[in-house]
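Structure file final-v1.txt; described as compact mmCIF, C-alpha atoms.
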```txt
# COMPACT_ATOMS: atom_id res chain seq x y z
CA MET A 1 3.70 13.04 13.80
CA SER A 2 1.83 15.25 16.27
CA THR A 3 2.27 18.33 14.06
CA PHE A 4 1.85 16.56 10.71
CA ASN A 5 -1.64 15.80 9.49
CA PRO A 6 -1.61 14.45 5.92
CA ALA A 7 -5.32 15.12 5.34
CA ASP A 8 -4.76 18.82 6.03
CA ASN A 9 -1.99 18.90 3.46
CA ILE A 10 -4.28 17.36 0.86
CA GLN A 11 -7.11 19.75 1.73
CA ASP A 12 -4.86 22.79 1.45
CA LEU A 13 -4.06 22.01 -2.18
CA GLN A 14 -6.32 23.99 -4.47
CA TYR A 15 -6.17 23.68 -8.23
CA PHE A 16 -8.16 25.59 -10.84
CA GLY A 17 -9.15 24.04 -14.14
CA GLU A 18 -8.31 25.64 -17.45
CA PHE A 19 -11.68 27.42 -17.53
CA GLY A 20 -11.95 28.03 -13.79
CA GLY A 21 -13.26 24.56 -12.96
CA VAL A 22 -13.02 23.34 -9.37
CA ASN A 23 -11.28 20.22 -10.70
CA PRO A 24 -8.03 20.61 -12.65
CA SER A 25 -8.39 20.16 -16.39
CA ILE A 26 -7.47 16.75 -17.77
CA SER A 27 -4.60 16.77 -20.23
CA ASP A 28 -5.80 14.35 -22.87
CA SER A 29 -2.65 14.45 -24.98
CA SER A 30 0.23 12.05 -25.48
CA THR A 31 2.56 14.69 -26.90
CA TYR A 32 2.94 18.46 -26.58
CA THR A 33 3.82 21.27 -28.94
CA PHE A 34 6.57 23.88 -28.55
CA LEU A 35 6.70 27.48 -29.68
CA SER A 36 10.39 27.20 -30.50
CA ALA A 37 12.95 24.52 -31.23
CA LYS A 38 15.11 25.79 -28.37
CA THR A 39 12.29 25.20 -25.90
CA MET A 40 12.01 21.60 -27.09
CA PHE A 41 15.76 21.13 -26.57
CA ASP A 42 15.62 22.69 -23.10
CA THR A 43 12.68 20.47 -22.15
CA PHE A 44 14.54 17.32 -23.17
CA GLU A 45 17.41 18.52 -20.99
CA GLY A 46 14.97 19.06 -18.11
CA ASN A 47 15.49 22.82 -18.05
CA ALA A 48 12.11 24.19 -19.16
CA GLU A 49 9.78 24.61 -16.19
CA GLY A 50 6.12 24.16 -17.07
CA CYS A 51 6.78 22.59 -20.46
CA TYR A 52 5.96 19.01 -21.42
CA LEU A 53 7.55 16.85 -24.07
CA TYR A 54 5.80 13.48 -23.99
CA SER A 55 3.40 12.01 -21.47
CA ARG A 56 5.56 8.95 -20.76
CA HIS A 57 7.83 11.43 -19.01
CA SER A 58 5.12 13.58 -17.39
CA SER A 59 1.79 15.23 -18.04
CA PRO A 60 -0.08 18.05 -16.29
CA SER A 61 -2.67 15.61 -14.92
CA ASN A 62 -0.01 13.31 -13.50
CA LEU A 63 1.87 16.20 -11.94
CA TYR A 64 -1.27 17.39 -10.14
CA LEU A 65 -1.59 13.97 -8.54
CA ASP A 66 2.17 13.80 -7.89
CA LYS A 67 1.97 17.02 -5.91
CA ALA A 68 -1.04 15.89 -3.88
CA LEU A 69 0.50 12.54 -2.95
CA ALA A 70 3.83 14.16 -2.06
CA ALA A 71 1.92 16.50 0.24
CA MET A 72 0.15 13.52 1.80
CA GLU A 73 3.42 11.73 2.55
CA GLY A 74 5.48 14.83 3.37
CA THR A 75 8.05 14.33 0.60
CA GLU A 76 9.53 16.85 -1.81
CA THR A 77 7.78 15.28 -4.77
CA ALA A 78 6.34 12.06 -6.20
CA ASN A 79 5.91 10.10 -9.40
CA VAL A 80 2.73 8.20 -10.23
CA ALA A 81 2.78 4.94 -12.16
CA ALA A 82 0.35 2.65 -13.97
CA SER A 83 0.30 0.11 -11.11
CA GLY A 84 1.72 -0.58 -7.69
CA MET A 85 4.32 -2.92 -9.21
CA GLY A 86 5.03 -0.16 -11.73
CA ALA A 87 6.14 1.93 -8.75
CA ILE A 88 7.96 -0.81 -6.80
CA THR A 89 10.10 -2.40 -9.51
CA PRO A 90 11.57 0.80 -11.06
CA THR A 91 12.40 2.07 -7.56
CA LEU A 92 14.38 -1.04 -6.68
CA LEU A 93 16.05 -1.17 -10.09
CA GLN A 94 17.05 2.48 -9.80
CA LEU A 95 18.66 1.85 -6.42
CA CYS A 96 20.29 -1.52 -7.22
CA GLY A 97 22.32 -3.06 -10.01
CA ASN A 98 24.42 -6.11 -10.78
CA GLY A 99 26.12 -7.38 -7.62
CA ASP A 100 23.94 -5.44 -5.18
CA HIS A 101 21.90 -6.85 -2.32
CA ILE A 102 18.52 -6.12 -0.72
CA VAL A 103 17.30 -7.00 2.76
CA SER A 104 13.52 -7.43 2.64
CA SER A 105 10.77 -8.35 5.01
CA ARG A 106 9.74 -11.97 4.45
CA THR A 107 6.03 -11.10 4.59
CA ILE A 108 5.32 -8.82 1.67
CA TYR A 109 2.91 -8.68 -1.26
CA GLY A 110 3.29 -11.78 -3.42
CA GLY A 111 4.12 -9.81 -6.55
CA THR A 112 6.96 -7.98 -4.79
CA TYR A 113 8.22 -11.27 -3.37
CA ALA A 114 8.19 -12.87 -6.83
CA PHE A 115 10.09 -9.92 -8.32
CA LEU A 116 12.80 -10.05 -5.64
CA LYS A 117 13.02 -13.85 -5.49
CA ASN A 118 12.67 -14.82 -9.14
CA PHE A 119 13.24 -11.82 -11.42
CA ALA A 120 15.82 -9.54 -9.77
CA PRO A 121 18.48 -12.32 -9.66
CA ARG A 122 18.44 -12.31 -13.47
CA MET A 123 20.00 -8.84 -13.18
CA GLY A 124 22.45 -9.87 -10.49
CA ILE A 125 20.44 -8.49 -7.56
CA GLN A 126 20.12 -10.81 -4.57
CA THR A 127 17.66 -10.54 -1.67
CA SER A 128 17.71 -11.84 1.89
CA PHE A 129 14.22 -12.28 3.36
CA VAL A 130 14.03 -11.75 7.12
CA ASP A 131 11.58 -11.40 9.98
CA ILE A 132 11.27 -7.61 9.92
CA THR A 133 10.08 -7.51 13.53
CA LYS A 134 13.41 -8.86 14.81
CA LEU A 135 15.81 -5.95 14.53
CA ASP A 136 18.93 -7.97 15.38
CA ILE A 137 18.19 -10.39 12.53
CA VAL A 138 17.54 -7.48 10.14
CA GLU A 139 20.87 -5.85 10.94
CA ALA A 140 22.76 -9.15 10.78
CA ALA A 141 21.50 -9.68 7.20
CA ILE A 142 23.09 -6.45 5.95
CA THR A 143 26.32 -6.91 3.97
CA PRO A 144 28.74 -4.47 2.31
CA LYS A 145 26.78 -5.05 -0.92
CA THR A 146 23.39 -4.14 0.61
CA LYS A 147 21.79 -1.06 -0.93
CA VAL A 148 18.16 -1.26 0.25
CA LEU A 149 16.16 -2.23 3.33
CA TYR A 150 12.62 -2.95 2.10
CA CYS A 151 9.45 -3.49 4.10
CA GLU A 152 5.73 -2.85 4.31
CA THR A 153 4.45 -0.73 7.19
CA VAL A 154 1.81 -3.37 7.83
CA SER A 155 2.70 -6.56 6.02
CA ASN A 156 0.59 -8.41 3.49
CA PRO A 157 -1.04 -10.71 4.51
CA LEU A 158 0.05 -11.43 8.11
CA LEU A 159 -0.33 -7.84 9.34
CA GLU A 160 3.10 -7.77 10.95
CA VAL A 161 4.17 -4.23 11.85
CA ALA A 162 7.56 -2.79 10.89
CA ASP A 163 9.13 -0.54 13.54
CA LEU A 164 10.01 2.17 11.04
CA GLY A 165 11.86 4.41 13.46
CA SER A 166 14.22 1.62 14.53
CA LEU A 167 14.64 0.34 10.96
CA SER A 168 15.52 3.86 9.86
CA LYS A 169 18.33 4.01 12.42
CA ILE A 170 19.70 0.70 11.13
CA ALA A 171 19.50 1.91 7.51
CA LYS A 172 21.27 5.18 8.29
CA LYS A 173 23.96 3.38 10.32
CA HIS A 174 24.79 1.25 7.27
CA ASN A 175 24.22 4.03 4.69
CA ILE A 176 21.45 2.19 2.87
CA LYS A 177 17.99 3.33 1.75
CA LEU A 178 14.85 2.42 3.70
CA VAL A 179 12.04 1.85 1.19
CA VAL A 180 8.56 1.43 2.68
CA ASP A 181 5.37 0.21 1.02
CA ASN A 182 2.65 2.09 2.92
CA THR A 183 -0.32 0.71 0.97
CA PHE A 184 -2.11 -0.72 4.01
CA SER A 185 -1.78 2.41 6.15
CA PRO A 186 -2.25 5.71 4.26
CA LEU A 187 -2.82 8.72 6.55
CA SER A 188 -2.48 6.47 9.61
CA VAL A 189 1.30 6.27 9.24
CA SER A 190 3.68 8.75 7.61
CA PRO A 191 6.90 6.77 7.06
CA ILE A 192 8.99 9.76 5.96
CA LYS A 193 8.40 11.37 9.35
CA LEU A 194 9.71 8.17 10.95
CA GLY A 195 12.91 8.17 8.90
CA ALA A 196 12.07 6.32 5.67
CA ASP A 197 13.79 7.49 2.48
CA ILE A 198 11.17 6.42 -0.07
CA VAL A 199 7.46 5.64 0.33
CA ILE A 200 5.47 3.59 -2.17
CA HIS A 201 1.72 3.03 -2.50
CA SER A 202 -0.47 0.91 -4.67
CA LEU A 203 -3.03 3.59 -5.53
CA THR A 204 -5.33 0.76 -6.59
CA LYS A 205 -6.23 0.15 -2.96
CA TYR A 206 -7.29 2.69 -0.31
CA ILE A 207 -6.15 5.88 -2.02
CA ASN A 208 -8.41 5.35 -5.03
CA GLY A 209 -10.90 3.31 -3.04
CA SER A 210 -13.38 2.27 -5.72
CA SER A 211 -11.70 -0.78 -7.29
CA ASP A 212 -11.92 0.73 -10.77
CA THR A 213 -8.33 1.86 -11.32
CA VAL A 214 -4.86 0.34 -11.12
CA GLY A 215 -2.09 2.72 -10.11
CA GLY A 216 1.00 3.30 -8.02
CA VAL A 217 3.20 6.11 -6.70
CA VAL A 218 6.74 6.69 -5.48
CA CYS A 219 7.07 9.52 -2.95
CA ALA A 220 10.64 10.68 -2.41
CA SER A 221 13.18 13.48 -2.74
CA GLN A 222 13.31 15.63 -5.85
CA GLU A 223 16.74 14.16 -6.60
CA PHE A 224 15.52 10.56 -6.57
CA ILE A 225 12.40 11.28 -8.64
CA ASN A 226 14.57 13.15 -11.16
CA ASP A 227 16.77 10.05 -11.36
CA LEU A 228 13.71 7.83 -11.95
CA LYS A 229 12.54 10.10 -14.79
CA ASN A 230 15.94 10.74 -16.39
CA VAL A 231 15.61 10.24 -20.15
CA ASN A 232 18.94 8.42 -20.36
CA SER A 233 19.06 6.28 -17.22
CA GLY A 234 15.76 6.54 -15.34
CA ALA A 235 14.02 3.23 -14.62
CA SER A 236 10.54 4.77 -14.71
CA MET A 237 11.27 6.67 -17.93
CA LEU A 238 12.85 3.73 -19.73
CA LEU A 239 10.57 0.94 -18.52
CA GLY A 240 7.49 3.04 -19.22
CA PRO A 241 5.00 2.33 -16.38
CA THR A 242 3.15 5.55 -17.15
CA MET A 243 -0.20 6.39 -15.58
CA ASP A 244 -2.90 7.54 -17.98
CA SER A 245 -4.07 11.14 -17.48
CA MET A 246 -7.72 10.13 -17.22
CA ARG A 247 -6.83 7.72 -14.42
CA SER A 248 -4.79 10.38 -12.63
CA ALA A 249 -7.80 12.68 -12.64
CA SER A 250 -10.01 9.89 -11.30
CA VAL A 251 -7.63 9.07 -8.45
CA MET A 252 -7.29 12.76 -7.60
CA LYS A 253 -11.05 13.08 -7.08
CA ASN A 254 -11.15 10.02 -4.82
CA LEU A 255 -8.13 11.17 -2.83
CA ARG A 256 -10.24 14.05 -1.49
CA THR A 257 -12.39 11.65 0.54
CA LEU A 258 -9.58 9.39 1.75
CA HIS A 259 -9.63 10.75 5.30
CA LEU A 260 -13.33 9.99 5.70
CA ARG A 261 -12.98 6.51 4.27
CA ILE A 262 -9.92 5.54 6.32
CA LYS A 263 -11.67 6.54 9.54
CA GLN A 264 -14.69 4.37 8.69
CA HIS A 265 -12.59 1.43 7.48
CA SER A 266 -10.61 1.56 10.74
CA TYR A 267 -13.67 1.91 12.94
CA ASN A 268 -15.42 -1.03 11.30
CA ALA A 269 -12.34 -3.28 11.33
CA SER A 270 -11.63 -2.49 14.97
CA TYR A 271 -15.22 -3.32 15.91
CA LEU A 272 -15.20 -6.66 14.08
CA ALA A 273 -11.73 -7.63 15.33
CA GLU A 274 -12.75 -7.10 18.95
CA LYS A 275 -15.98 -9.07 18.49
CA PHE A 276 -14.28 -11.94 16.64
CA GLU A 277 -11.58 -12.20 19.32
CA GLN A 278 -14.23 -12.23 22.06
CA ASP A 279 -15.99 -15.04 20.20
CA GLY A 280 -12.82 -17.13 20.38
CA LEU A 281 -11.68 -16.78 16.76
CA LYS A 282 -7.93 -16.52 16.16
CA THR A 283 -7.91 -12.87 15.10
CA VAL A 284 -5.01 -10.67 14.03
CA TYR A 285 -5.49 -6.90 13.95
CA PRO A 286 -2.89 -4.26 14.93
CA GLY A 287 -5.48 -2.47 17.07
CA LEU A 288 -5.92 -5.47 19.37
CA LYS A 289 -3.77 -5.56 22.50
CA SER A 290 -3.08 -9.21 21.67
CA HIS A 291 -1.19 -8.17 18.52
CA PRO A 292 2.54 -8.62 19.24
CA SER A 293 3.36 -5.18 17.79
CA HIS A 294 0.33 -3.32 19.12
CA GLU A 295 2.34 -0.86 21.20
CA VAL A 296 4.85 -0.26 18.40
CA TYR A 297 2.05 0.52 15.95
CA LYS A 298 0.14 2.60 18.51
CA ASN A 299 3.18 4.86 18.84
CA MET A 300 3.59 5.16 15.05
CA ILE A 301 0.09 6.06 13.94
CA ASN A 302 -1.83 9.28 13.72
CA PRO A 303 -4.60 8.12 16.11
CA GLU A 304 -7.28 10.09 14.27
CA TYR A 305 -7.15 7.51 11.46
CA GLY A 306 -7.02 4.40 13.59
CA PHE A 307 -5.36 1.03 13.10
CA GLY A 308 -6.49 0.40 9.54
CA GLY A 309 -9.11 -1.65 7.75
CA MET A 310 -7.31 -5.00 7.43
CA LEU A 311 -7.75 -8.03 9.69
CA THR A 312 -7.31 -11.76 9.49
CA ILE A 313 -8.98 -14.75 11.11
CA ASP A 314 -7.82 -18.36 11.01
CA VAL A 315 -10.63 -20.86 10.59
CA GLY A 316 -8.47 -23.98 10.62
CA SER A 317 -8.53 -25.26 7.06
CA LEU A 318 -8.77 -24.11 3.45
CA ASP A 319 -12.04 -26.00 3.00
CA LYS A 320 -13.62 -24.12 5.92
CA ALA A 321 -12.19 -20.83 4.69
CA ASN A 322 -13.65 -21.34 1.22
CA GLU A 323 -17.01 -22.48 2.59
CA LEU A 324 -17.25 -19.41 4.82
CA MET A 325 -16.21 -16.96 2.11
CA GLU A 326 -18.66 -18.41 -0.38
CA LEU A 327 -21.48 -18.15 2.16
CA MET A 328 -20.62 -14.56 3.10
CA GLN A 329 -20.60 -13.61 -0.57
CA GLU A 330 -23.96 -15.34 -1.05
CA ARG A 331 -25.36 -13.27 1.86
CA ASN A 332 -24.12 -10.02 0.25
CA LEU A 333 -21.58 -9.34 3.01
CA GLY A 334 -18.85 -8.71 0.48
CA TYR A 335 -16.90 -10.29 -2.34
CA LEU A 336 -14.57 -13.28 -2.53
CA ALA A 337 -11.92 -11.20 -4.23
CA VAL A 338 -8.34 -10.04 -3.88
CA SER A 339 -7.25 -6.42 -3.37
CA LEU A 340 -8.43 -4.03 -0.66
CA GLY A 341 -9.84 -0.60 0.06
CA PHE A 342 -13.22 -1.12 -1.67
CA TYR A 343 -16.45 0.21 -0.16
CA LYS A 344 -17.62 -3.39 0.25
CA THR A 345 -15.73 -5.93 2.32
CA LEU A 346 -13.33 -8.13 0.33
CA PHE A 347 -12.07 -11.48 1.59
CA SER A 348 -9.61 -14.05 0.28
CA ALA A 349 -7.41 -16.93 1.40
CA PRO A 350 -3.99 -15.38 0.71
CA GLY A 351 -2.07 -18.66 0.68
CA THR A 352 -3.86 -19.57 -2.55
CA SER A 353 -4.22 -16.05 -3.97
CA THR A 354 -2.20 -12.91 -3.21
CA SER A 355 0.69 -14.84 -1.62
CA SER A 356 0.56 -17.91 -3.86
CA GLU A 357 3.92 -16.90 -5.39
CA MET A 358 5.57 -17.97 -2.13
CA PRO A 359 6.60 -21.63 -1.85
CA LEU A 360 4.46 -23.65 0.57
CA GLU A 361 7.39 -24.32 2.89
CA GLU A 362 8.06 -20.58 3.19
CA GLN A 363 4.38 -19.89 3.82
CA ALA A 364 4.46 -22.41 6.65
CA GLU A 365 7.68 -20.97 8.08
CA MET A 366 6.21 -17.49 8.33
CA GLY A 367 2.89 -18.72 9.77
CA LEU A 368 0.69 -18.35 6.69
CA THR A 369 -1.78 -21.19 7.23
CA ASP A 370 -4.34 -22.72 4.86
CA GLY A 371 -7.22 -21.52 7.03
CA LEU A 372 -6.20 -17.86 7.09
CA ILE A 373 -8.76 -15.42 5.67
CA ARG A 374 -7.68 -11.85 4.95
CA PHE A 375 -10.44 -9.26 5.25
CA SER A 376 -10.45 -5.77 3.82
CA ILE A 377 -13.33 -4.37 5.84
CA GLY A 378 -15.71 -2.10 3.96
CA LEU A 379 -17.55 1.12 4.73
CA ASP A 380 -20.67 -0.54 6.18
CA ASN A 381 -22.94 1.96 7.90
CA ASP A 382 -24.24 -0.46 10.56
CA ILE A 383 -21.25 -2.56 11.57
CA GLU A 384 -23.20 -4.29 14.37
CA ARG A 385 -25.61 -5.64 11.73
CA THR A 386 -22.64 -6.77 9.62
CA TYR A 387 -21.10 -8.52 12.61
CA GLN A 388 -24.29 -10.42 13.41
CA MET A 389 -24.63 -11.56 9.81
CA MET A 390 -20.98 -12.65 9.66
CA LYS A 391 -21.27 -14.48 12.97
CA ASN A 392 -24.34 -16.32 11.67
CA CYS A 393 -22.29 -17.47 8.66
CA ILE A 394 -19.39 -18.53 10.90
CA GLU A 395 -21.76 -20.58 13.05
CA GLU A 396 -23.59 -22.02 10.05
CA VAL A 397 -20.40 -23.52 8.58
CA GLY A 398 -19.43 -24.95 11.99
CA ILE A 399 -16.41 -22.77 12.81
CA LEU A 400 -18.16 -21.55 15.97
CA LYS A 401 -20.93 -23.29 17.83
CA PRO A 402 -24.09 -21.25 18.51
CA ILE A 403 -24.52 -20.30 22.16
CA SER A 404 -27.76 -21.79 23.41
CA LEU A 405 -29.70 -19.66 25.87
```
Now, as a test, write the supplied structure out as structure tokens.
Amino acid sequence: MSTFNPADNIQDLQYFGEFGGVNPSISDSSTYTFLSAKTMFDTFEGNAEGCYLYSRHSSPSNLYLDKALAAMEGTETANVAASGMGAITPTLLQLCGNGDHIVSSRTIYGGTYAFLKNFAPRMGIQTSFVDITKLDIVEAAITPKTKVLYCETVSNPLLEVADLGSLSKIAKKHNIKLVVDNTFSPLSVSPIKLGADIVIHSLTKYINGSSDTVGGVVCASQEFINDLKNVNSGASMLLGPTMDSMRSASVMKNLRTLHLRIKQHSYNASYLAEKFEQDGLKTVYPGLKSHPSHEVYKNMINPEYGFGGMLTIDVGSLDKANELMELMQERNLGYLAVSLGFYKTLFSAPGTSTSSEMPLEEQAEMGLTDGLIRFSIGLDNDIERTYQMMKNCIEEVGILKPISL
């Protein structure tokens, strides 16, 4: 990690538009013409470099973004998709079939959980959900039918940290693929450098950063991406989660400022987490020494980009959580909304939103309480001012008592 800086790799990419523009030209076409019938045949066979057949397979705009995101993650190539789930589900379906088995972290995005728990079994794929922080339990869950070890670098919504280096050793020992969703920690963590085989992002979140686009990406070897896009057997090709060229161009522009945004998100979240913890709130943030995996994460990250922009506090009950979030929204501190990576702070109660797909008994087992609020901290210029305003709201709803002087 010390010699790999993903922001430098992004910066070093330089594309010229069709007429010399500083942004690459947008390919606003669904299909492409050929100068000869033989070229069309060769393209369908995947043997015509630089030629395009149909934008469900690839387009110039998508390939520009593919190359940039592969450079960011340090993989041979990448494949963008129309959503984060449009990247996750084809990846798992490409790696697994009828009779296969997946070992997954128990704390993952609700949509991924629902796919593995409810949908994948319809195709004969079974999943064991485990505490990803307990390596002995992870390894014990692996069977001869296991094909994939799946986790999130920083889990949604409990902010558990996966020890990617150790998980990679387990995966290699058992000859299975380690697939990592790195949505919460772009630039901060480079999973491929820690031994992951495949890295996935929801581009909707930090990478795009303006909450105006849904997208996803799979970063992997050339061989695996070729398999995904194979016209006869590729899950991405046949299921069709294609990103629109206009959206690719939009994400590409926002990617250029990712390093600046991640630093500010991390700085602001770290500031608030430390203040909230000092105030006596039950606060979870990987940058706090009280976080059970603080040292693990500290040794994984590129310190320039910090510990990320996500934190949680537990205010005791859903009623208090809702009252606080409504008041903070009323005071213009952010939005009561799901998702993350926006320039404004977003907050939600994940048990009734992004993790609502999980049964209540499983939420309780993993420690997802009714009073938990997940914050995606924004790009506020004066974070001390933000803290004071948030603290006033917390005191006003009775979660903390004002200190009388």
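Of the residues listed (A:Pro6, A:Phe276, A:Ala37, A:Gly334), A:Phe276 shows the shortest atom-to-atom separation from A:Glu395; distances use all atoms listed in the file.
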Two-atom distance - atom CA of A:Gly398, atom CA of A:Thr369 (Å):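 Distance reported for this atom pair: 18.7 Å.
Here atom CA of A:Asp181 is placed at a distance of 26.6 Å from atom CA of A:Asn232.
Take the candidates A:Tyr343, A:Tyr109, A:Phe224, A:Tyr267 and check each one against A:Glu384 using all atoms listed in the file; the shortest distance goes to A:Tyr267.
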Quick one: pull the distance between atom CA of A:Cys96 and atom CA of A:Thr146, Å, one decimal. 8.8 Å
Please, which residues are within 10 Å of (14.9, -1.5, 9.0) by the file's coordinates, counting all atoms listed in the file, and could they come as a PyMOL selection string? chain A and resi 103-105+132-136+138-139+148-151+162-172+176-180+195-196
Please, could you write that set of residues out with C-alpha atoms as a PDB file, keeping the file's coordinate frame?
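What ended up in out.pdb:
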```
ATOM      1  CA  VAL A 103      17.300  -7.000   2.760  1.00  0.00           C
ATOM      2  CA  SER A 104      13.520  -7.430   2.640  1.00  0.00           C
ATOM      3  CA  SER A 105      10.770  -8.350   5.010  1.00  0.00           C
ATOM      4  CA  ILE A 132      11.270  -7.610   9.920  1.00  0.00           C
ATOM      5  CA  THR A 133      10.080  -7.510  13.530  1.00  0.00           C
ATOM      6  CA  LYS A 134      13.410  -8.860  14.810  1.00  0.00           C
ATOM      7  CA  LEU A 135      15.810  -5.950  14.530  1.00  0.00           C
ATOM      8  CA  ASP A 136      18.930  -7.970  15.380  1.00  0.00           C
ATOM      9  CA  VAL A 138      17.540  -7.480  10.140  1.00  0.00           C
ATOM     10  CA  GLU A 139      20.870  -5.850  10.940  1.00  0.00           C
ATOM     11  CA  VAL A 148      18.160  -1.260   0.250  1.00  0.00           C
ATOM     12  CA  LEU A 149      16.160  -2.230   3.330  1.00  0.00           C
ATOM     13  CA  TYR A 150      12.620  -2.950   2.100  1.00  0.00           C
ATOM     14  CA  CYS A 151       9.450  -3.490   4.100  1.00  0.00           C
ATOM     15  CA  ALA A 162       7.560  -2.790  10.890  1.00  0.00           C
ATOM     16  CA  ASP A 163       9.130  -0.540  13.540  1.00  0.00           C
ATOM     17  CA  LEU A 164      10.010   2.170  11.040  1.00  0.00           C
ATOM     18  CA  GLY A 165      11.860   4.410  13.460  1.00  0.00           C
ATOM     19  CA  SER A 166      14.220   1.620  14.530  1.00  0.00           C
ATOM     20  CA  LEU A 167      14.640   0.340  10.960  1.00  0.00           C
ATOM     21  CA  SER A 168      15.520   3.860   9.860  1.00  0.00           C
ATOM     22  CA  LYS A 169      18.330   4.010  12.420  1.00  0.00           C
ATOM     23  CA  ILE A 170      19.700   0.700  11.130  1.00  0.00           C
ATOM     24  CA  ALA A 171      19.500   1.910   7.510  1.00  0.00           C
ATOM     25  CA  LYS A 172      21.270   5.180   8.290  1.00  0.00           C
ATOM     26  CA  ILE A 176      21.450   2.190   2.870  1.00  0.00           C
ATOM     27  CA  LYS A 177      17.990   3.330   1.750  1.00  0.00           C
ATOM     28  CA  LEU A 178      14.850   2.420   3.700  1.00  0.00           C
ATOM     29  CA  VAL A 179      12.040   1.850   1.190  1.00  0.00           C
ATOM     30  CA  VAL A 180       8.560   1.430   2.680  1.00  0.00           C
ATOM     31  CA  GLY A 195      12.910   8.170   8.900  1.00  0.00           C
ATOM     32  CA  ALA A 196      12.070   6.320   5.670  1.00  0.00           C
TER      33      ALA A 196
END
```
Please build the interface table for stretch 167-195 of chain A against stretch 153-159 of chain A with a cut-off of 12 Å, listing for each qualifying residue the nearest atom pair and the distance in Å to one decimal; count only C-alpha atoms, order rows by chain and increasing number, and write it as a Markdown table.
```
| residue | atom | partner | partner_atom | distance |
| --- | --- | --- | --- | --- |
| A:Leu167 | CA | A:Thr153 | CA | 10.9 |
| A:Leu178 | CA | A:Thr153 | CA | 11.4 |
| A:Val179 | CA | A:Thr153 | CA | 10.0 |
| A:Val180 | CA | A:Thr153 | CA | 6.5 |
| A:Asp181 | CA | A:Thr153 | CA | 6.3 |
| A:Asn182 | CA | A:Thr153 | CA | 5.4 |
| A:Thr183 | CA | A:Thr153 | CA | 8.0 |
| A:Phe184 | CA | A:Val154 | CA | 6.1 |
| A:Ser185 | CA | A:Val154 | CA | 7.0 |
| A:Pro186 | CA | A:Thr153 | CA | 9.7 |
| A:Leu187 | CA | A:Thr153 | CA | 11.9 |
| A:Ser188 | CA | A:Thr153 | CA | 10.3 |
| A:Val189 | CA | A:Thr153 | CA | 7.9 |
| A:Ser190 | CA | A:Thr153 | CA | 9.5 |
| A:Pro191 | CA | A:Thr153 | CA | 7.9 |
| A:Ile192 | CA | A:Thr153 | CA | 11.5 |
| A:Leu194 | CA | A:Thr153 | CA | 11.0 |
```
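Distance cut-off 7 Å, centre (19.0, -4.7, -8.6), atoms counted all atoms listed in the file; the residues meeting this are Leu92, Leu93, Leu95, Cys96, Gly97, Asn98, Asp100, Ala120, Met123, Gly124 and Ile125 of chain A.
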Counting only C-alpha atoms, the option among A:Gln94, A:Glu152, A:Ser202, A:Leu255 closest to A:Tyr64: A:Leu255
